[in-house]
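Enquirer: I have a structure here, written as structure tokens, and I will follow up with some questions on it.
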Amino acid sequence: MASCACPTEHGRTAIDGYDPAARVKALEQVLVEKGYVDRAALDVIVETYAREVGPMNGAKVVARAWIDADFRTRLLEDGTAAAAELGFGGRGGEHLVIVENTPKLHNLIVCTLCSCYPWPLLGLPPVWYKSPPYRSRAVIEPRAVLRDFGVNLPETTAIRVWDSTAETRYLVLPLRPEGSEDLSEDRLASLVTREAMIGTGLALAPAVAAI
């Protein structure tokens with residue numbers, strides 16, 4: 001069995017001879033040297049997606065769905081329109097499909113062709129999401145990939161893998177954690193991680209998030 005180039009629960013990474021960050025850096029250097037791109041412009045784009053457009057947007061959508069049943073219904077029916085209600089949309093989010101986790105079903109998102117990703121809600125995709133090992137193993141052995149991320153689901157919980165494309169981007173609506181019934185919407189949003197919205201993680205328990 002091939003090892004996965006995905007972080008473990010301890011934050012370490014297995015490379016498997018593939019270093020996408022180094023490849024991107026090398027490509028950027030070549031393009032800058034040839035005058036095709038402006039490094040300053042690239043820095044602005046990265047900074048924008050890191051600080052203004054990121055997982056905090058998706059977390060707000062999830063938190064609203066947890067407390068507002070009508071919004072949750074609209075979100076599952078038309079993710080693009082519902083996200084726009086909160087001001088989120090644009091490139092990479094034109095056709096957004098929300099898939100809901102239940103006690104009997106866990107959803108996992110991948111892009112087997114490249115790295116299609118709901119940018120308006122999650123920002124820049126993590127390096128491991130773009131790696132060939134994750135893109136192949138998520139489809140072939142999703143339960144093993146989840147274990148690599150520290151998610152150990154009961155055998156009775158089915159796993160469904162969704163393959164994002166340039167036309168359709170997916171986002172997971174994770175299960176609301178126990179003990180969060182009395183939390184405010186902002187506090188609920190703090191429990192929602194990027195991994196939980198990709199499916200490689202679960203929403204944080206309130207006690208864990210408070211640490």
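Ligands are numbered from 1 in the order shown, residues from 1 within each chain, and chains are lettered A, B, ... in the order they appear in the structure tokens.
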Name the residues in contact with region 160-166 of chain A at a cut-off of 6 Å, using only C-alpha atoms, excluding same-chain residues fewer than 4 positions from it; report them as a list in words.
Expert: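 The filter keeps Asn107, Leu108, Ile109, Val110, Cys111 and Cys116 of chain A.
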Enquirer: If we count only C-alpha atoms and set the cut-off at 12 Å, which residues sit around Leu75 (chain A), ignoring sequence neighbours fewer than 3 positions away in its own chain? Please answer as a PDB file with C-alpha atoms, in the first residue's frame.
Expert:
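Resulting contents of out.pdb:
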ATOM      1  CA  GLY A  58     -17.044  28.579   5.062  1.00  0.00           C
ATOM      2  CA  VAL A  61     -21.881  29.358   6.437  1.00  0.00           C
ATOM      3  CA  VAL A  62     -21.734  26.113   8.429  1.00  0.00           C
ATOM      4  CA  ALA A  63     -22.497  27.850  11.719  1.00  0.00           C
ATOM      5  CA  ARG A  64     -25.525  29.563  10.208  1.00  0.00           C
ATOM      6  CA  ALA A  65     -26.784  26.226   8.886  1.00  0.00           C
ATOM      7  CA  TRP A  66     -26.432  24.691  12.345  1.00  0.00           C
ATOM      8  CA  ASP A  68     -31.062  28.193  11.169  1.00  0.00           C
ATOM      9  CA  ALA A  69     -33.060  25.262   9.786  1.00  0.00           C
ATOM     10  CA  ASP A  70     -34.494  27.308   6.907  1.00  0.00           C
ATOM     11  CA  PHE A  71     -31.035  28.458   5.847  1.00  0.00           C
ATOM     12  CA  ARG A  72     -29.773  24.876   6.059  1.00  0.00           C
ATOM     13  CA  ASP A  78     -28.631  25.643  -3.761  1.00  0.00           C
ATOM     14  CA  GLY A  79     -25.271  26.158  -2.108  1.00  0.00           C
ATOM     15  CA  THR A  80     -24.288  29.022  -4.387  1.00  0.00           C
ATOM     16  CA  ALA A  81     -27.377  31.096  -3.656  1.00  0.00           C
ATOM     17  CA  ALA A  82     -27.340  30.389   0.078  1.00  0.00           C
ATOM     18  CA  ALA A  83     -23.663  31.320   0.424  1.00  0.00           C
ATOM     19  CA  ALA A  84     -24.388  34.543  -1.462  1.00  0.00           C
ATOM     20  CA  GLU A  85     -26.922  35.441   1.239  1.00  0.00           C
ATOM     21  CA  LEU A  86     -23.946  35.827   3.572  1.00  0.00           C
ATOM     22  CA  LEU A  96     -21.364  25.157  -5.147  1.00  0.00           C
ATOM     23  CA  VAL A  97     -22.866  21.906  -3.873  1.00  0.00           C
ATOM     24  CA  ILE A  98     -23.129  21.293  -0.123  1.00  0.00           C
ATOM     25  CA  VAL A  99     -23.102  17.673   1.076  1.00  0.00           C
ATOM     26  CA  GLU A 100     -24.244  16.941   4.616  1.00  0.00           C
ATOM     27  CA  TYR A 170     -18.253  20.667  -3.151  1.00  0.00           C
ATOM     28  CA  LEU A 171     -18.198  21.570   0.520  1.00  0.00           C
ATOM     29  CA  VAL A 172     -19.055  19.350   3.486  1.00  0.00           C
ATOM     30  CA  LEU A 173     -21.604  20.413   6.079  1.00  0.00           C
TER      31      LEU A 173
END
Enquirer: What is the CA of Asn57 (chain A) to CA of Gly179 (chain A) distance in Å?
Expert: 22.9 Å
Enquirer: From a backbone DSSP assignment, name each residue in region 27-202 of chain A labelled strand (DSSP E or B), as a ChimeraX atom specification.
Expert: /A:96-100,102,105-110,158-163,169-173
Enquirer: With a distance cut-off of 8 Å and only C-alpha atoms, select the neighbouring residues of Pro177 (chain A), excluding the residue or stretch itself and same-chain residues fewer than 2 positions from it, and output the selection as a ChimeraX atom specification.
Expert: /A:175,179-180,203-206
Enquirer: Hey, what's within 7 Å of Leu121 (chain A) if we count only C-alpha atoms and toss same-chain stuff fewer than 3 positions away? As a list in words, please?
Expert: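 In the requested format, the answer is Val53, Gly54, Pro55, Asn57, Gly58, Phe88 and Pro118 of chain A.
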Enquirer: Take CA of Ser115 (chain A) and CA of Ala144 (chain A) and report the distance between them in Å, one decimal.
Expert: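 Here the two named atoms are 20.6 Å from each other.
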Enquirer: From the options A:Gly35, A:Thr168, A:Leu191, A:Val208, which residue's atoms come nearest to Gly92 (chain A), counting only C-alpha atoms?
Expert: A:Thr168
Enquirer: With DSSP run on the backbone, what are the helix (DSSP H, G or I) residues within region 96-191 of chain A? I'd like them as an NGL selection string.
Expert: :A and (119-122 or 127-130 or 132-140 or 142-148 or 185-189)
Enquirer: Would you put the residues from that selection into a file with N, CA and C atoms, as an mmCIF file, in the first residue's frame?
Expert:
data_model
loop_
_atom_site.group_PDB
_atom_site.id
_atom_site.type_symbol
_atom_site.label_atom_id
_atom_site.label_comp_id
_atom_site.auth_asym_id
_atom_site.auth_seq_id
_atom_site.Cartn_x
_atom_site.Cartn_y
_atom_site.Cartn_z
ATOM 1 N N TRP A 119 -12.920 28.205 -3.564
ATOM 2 C CA TRP A 119 -12.082 29.307 -3.095
ATOM 3 C C TRP A 119 -12.824 30.343 -2.264
ATOM 4 N N PRO A 120 -14.038 30.788 -2.674
ATOM 5 C CA PRO A 120 -14.691 31.839 -1.884
ATOM 6 C C PRO A 120 -14.991 31.442 -0.436
ATOM 7 N N LEU A 121 -15.129 30.135 -0.185
ATOM 8 C CA LEU A 121 -15.460 29.680 1.154
ATOM 9 C C LEU A 121 -14.268 29.096 1.908
ATOM 10 N N LEU A 122 -13.284 28.576 1.196
ATOM 11 C CA LEU A 122 -12.167 27.922 1.880
ATOM 12 C C LEU A 122 -10.809 28.557 1.594
ATOM 13 N N VAL A 127 -1.644 22.184 0.462
ATOM 14 C CA VAL A 127 -0.712 21.462 -0.415
ATOM 15 C C VAL A 127 -1.119 20.001 -0.566
ATOM 16 N N TRP A 128 -1.517 19.353 0.534
ATOM 17 C CA TRP A 128 -1.835 17.927 0.460
ATOM 18 C C TRP A 128 -3.042 17.659 -0.425
ATOM 19 N N TYR A 129 -3.968 18.628 -0.520
ATOM 20 C CA TYR A 129 -5.171 18.438 -1.343
ATOM 21 C C TYR A 129 -4.801 18.296 -2.817
ATOM 22 N N LYS A 130 -3.694 18.940 -3.208
ATOM 23 C CA LYS A 130 -3.263 18.923 -4.607
ATOM 24 C C LYS A 130 -2.317 17.779 -4.930
ATOM 25 N N PRO A 132 -0.761 14.099 -5.728
ATOM 26 C CA PRO A 132 -1.258 12.883 -6.374
ATOM 27 C C PRO A 132 -1.638 11.771 -5.396
ATOM 28 N N PRO A 133 -0.883 11.527 -4.316
ATOM 29 C CA PRO A 133 -1.294 10.460 -3.397
ATOM 30 C C PRO A 133 -2.675 10.688 -2.801
ATOM 31 N N TYR A 134 -2.963 11.923 -2.377
ATOM 32 C CA TYR A 134 -4.297 12.190 -1.823
ATOM 33 C C TYR A 134 -5.364 12.038 -2.897
ATOM 34 N N ARG A 135 -5.111 12.578 -4.074
ATOM 35 C CA ARG A 135 -6.108 12.565 -5.142
ATOM 36 C C ARG A 135 -6.454 11.155 -5.589
ATOM 37 N N SER A 136 -5.511 10.240 -5.507
ATOM 38 C CA SER A 136 -5.792 8.860 -5.919
ATOM 39 C C SER A 136 -6.323 8.028 -4.758
ATOM 40 N N ARG A 137 -5.701 8.140 -3.589
ATOM 41 C CA ARG A 137 -6.091 7.286 -2.462
ATOM 42 C C ARG A 137 -7.448 7.661 -1.889
ATOM 43 N N ALA A 138 -7.830 8.937 -1.996
ATOM 44 C CA ALA A 138 -9.135 9.344 -1.468
ATOM 45 C C ALA A 138 -10.250 8.585 -2.164
ATOM 46 N N VAL A 139 -10.048 8.236 -3.417
ATOM 47 C CA VAL A 139 -11.052 7.492 -4.174
ATOM 48 C C VAL A 139 -10.936 5.992 -3.928
ATOM 49 N N ILE A 140 -9.710 5.501 -3.883
ATOM 50 C CA ILE A 140 -9.480 4.058 -3.786
ATOM 51 C C ILE A 140 -9.708 3.532 -2.374
ATOM 52 N N PRO A 142 -10.751 5.551 0.840
ATOM 53 C CA PRO A 142 -11.051 6.754 1.635
ATOM 54 C C PRO A 142 -10.985 6.540 3.137
ATOM 55 N N ARG A 143 -11.366 5.353 3.609
ATOM 56 C CA ARG A 143 -11.344 5.131 5.055
ATOM 57 C C ARG A 143 -9.904 5.155 5.583
ATOM 58 N N ALA A 144 -8.977 4.629 4.803
ATOM 59 C CA ALA A 144 -7.569 4.654 5.209
ATOM 60 C C ALA A 144 -7.022 6.073 5.192
ATOM 61 N N VAL A 145 -7.427 6.865 4.201
ATOM 62 C CA VAL A 145 -6.991 8.257 4.139
ATOM 63 C C VAL A 145 -7.515 9.016 5.357
ATOM 64 N N LEU A 146 -8.757 8.784 5.719
ATOM 65 C CA LEU A 146 -9.307 9.448 6.903
ATOM 66 C C LEU A 146 -8.532 9.078 8.157
ATOM 67 N N ARG A 147 -8.121 7.810 8.253
ATOM 68 C CA ARG A 147 -7.318 7.410 9.409
ATOM 69 C C ARG A 147 -5.993 8.158 9.426
ATOM 70 N N ASP A 148 -5.419 8.436 8.225
ATOM 71 C CA ASP A 148 -4.180 9.211 8.158
ATOM 72 C C ASP A 148 -4.363 10.598 8.776
ATOM 73 N N GLU A 185 -23.492 31.947 17.458
ATOM 74 C CA GLU A 185 -23.131 31.640 16.070
ATOM 75 C C GLU A 185 -21.631 31.841 15.844
ATOM 76 N N ASP A 186 -21.076 32.914 16.374
ATOM 77 C CA ASP A 186 -19.636 33.155 16.209
ATOM 78 C C ASP A 186 -18.819 32.061 16.885
ATOM 79 N N ARG A 187 -19.260 31.646 18.043
ATOM 80 C CA ARG A 187 -18.544 30.586 18.765
ATOM 81 C C ARG A 187 -18.642 29.273 18.011
ATOM 82 N N LEU A 188 -19.792 29.012 17.412
ATOM 83 C CA LEU A 188 -19.946 27.796 16.610
ATOM 84 C C LEU A 188 -18.994 27.816 15.417
ATOM 85 N N ALA A 189 -18.863 28.967 14.793
ATOM 86 C CA ALA A 189 -17.973 29.077 13.632
ATOM 87 C C ALA A 189 -16.536 28.723 14.001
#
Enquirer: CA of Leu76 (chain A) to CA of Ala207 (chain A): how many Å, to one decimal?
Expert: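 Atom-to-atom, CA of Leu76 (chain A) and CA of Ala207 (chain A) are spaced 28.5 Å apart.
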